[in-house]
Amino acid sequence: MNELIVLGLAAVPVFEVRGAVPLGIAVYKIAPATAILLSVVGSVLPIFPLLWFLENVTEHLRKVPAFNNFIEWLFARTRSKSGLIKEMELIGLTLFIAIPFPGTGVWTGTIAAYLFGLRWWPTFFAGLIGTTIASVLVAAATLGVINFIL
């Protein structure tokens, strides 16, 4: 049961691996490798449904002129402000997801990938690699191996 909670929490925006890994290791006493694996799996579960949702909602909203203008503005602004992902695309996306700080992660990275028109499978693999790196970093911090706050 605790394993399902860790897996589920990793799939929730904001918490993702930043919440799931410490919960699994420190609270539920799950082996670090298992907590990492559960967190990675839970974290990547929403990628395809989120991309599908964004694609379909955006398509419907574009039929309304006011929303279409807003969406065009939002996409143009996001693209102009996100130099790392724009220049490095999948590597930049992977690095963005790999940073285990608030405002980064699979949910935000997937939304950015959609806004930049990145393909679904490469986005999935960038999310998988990035969230694996983030999970290992959070596990190391949870175990006291590294310290994010100097």
# chains A, B, ... in the order shown; residues from 1 in each chain; ligands from 1

$ closest_atom_pairs --of "segment 27-64 of chain A" --to "segment 82-104 of chain A" --cutoff "12 Å" --atoms "only C-alpha atoms" --output "Markdown table"
| residue | atom | partner | partner_atom | distance |
| --- | --- | --- | --- | --- |
| A:Val40 | CA | A:Ala98 | CA | 11.4 |
| A:Ser43 | CA | A:Ile97 | CA | 10.7 |
| A:Val44 | CA | A:Ile97 | CA | 11.1 |

$ atom_distance --atom1 "atom CA of Thr142 of chain A" --atom2 "atom CA of Val6 of chain A"
14.6 Å

$ atom_distance --atom1 "atom CA of Phe67 of chain A" --atom2 "atom CA of Pro46 of chain A"
25.1 Å
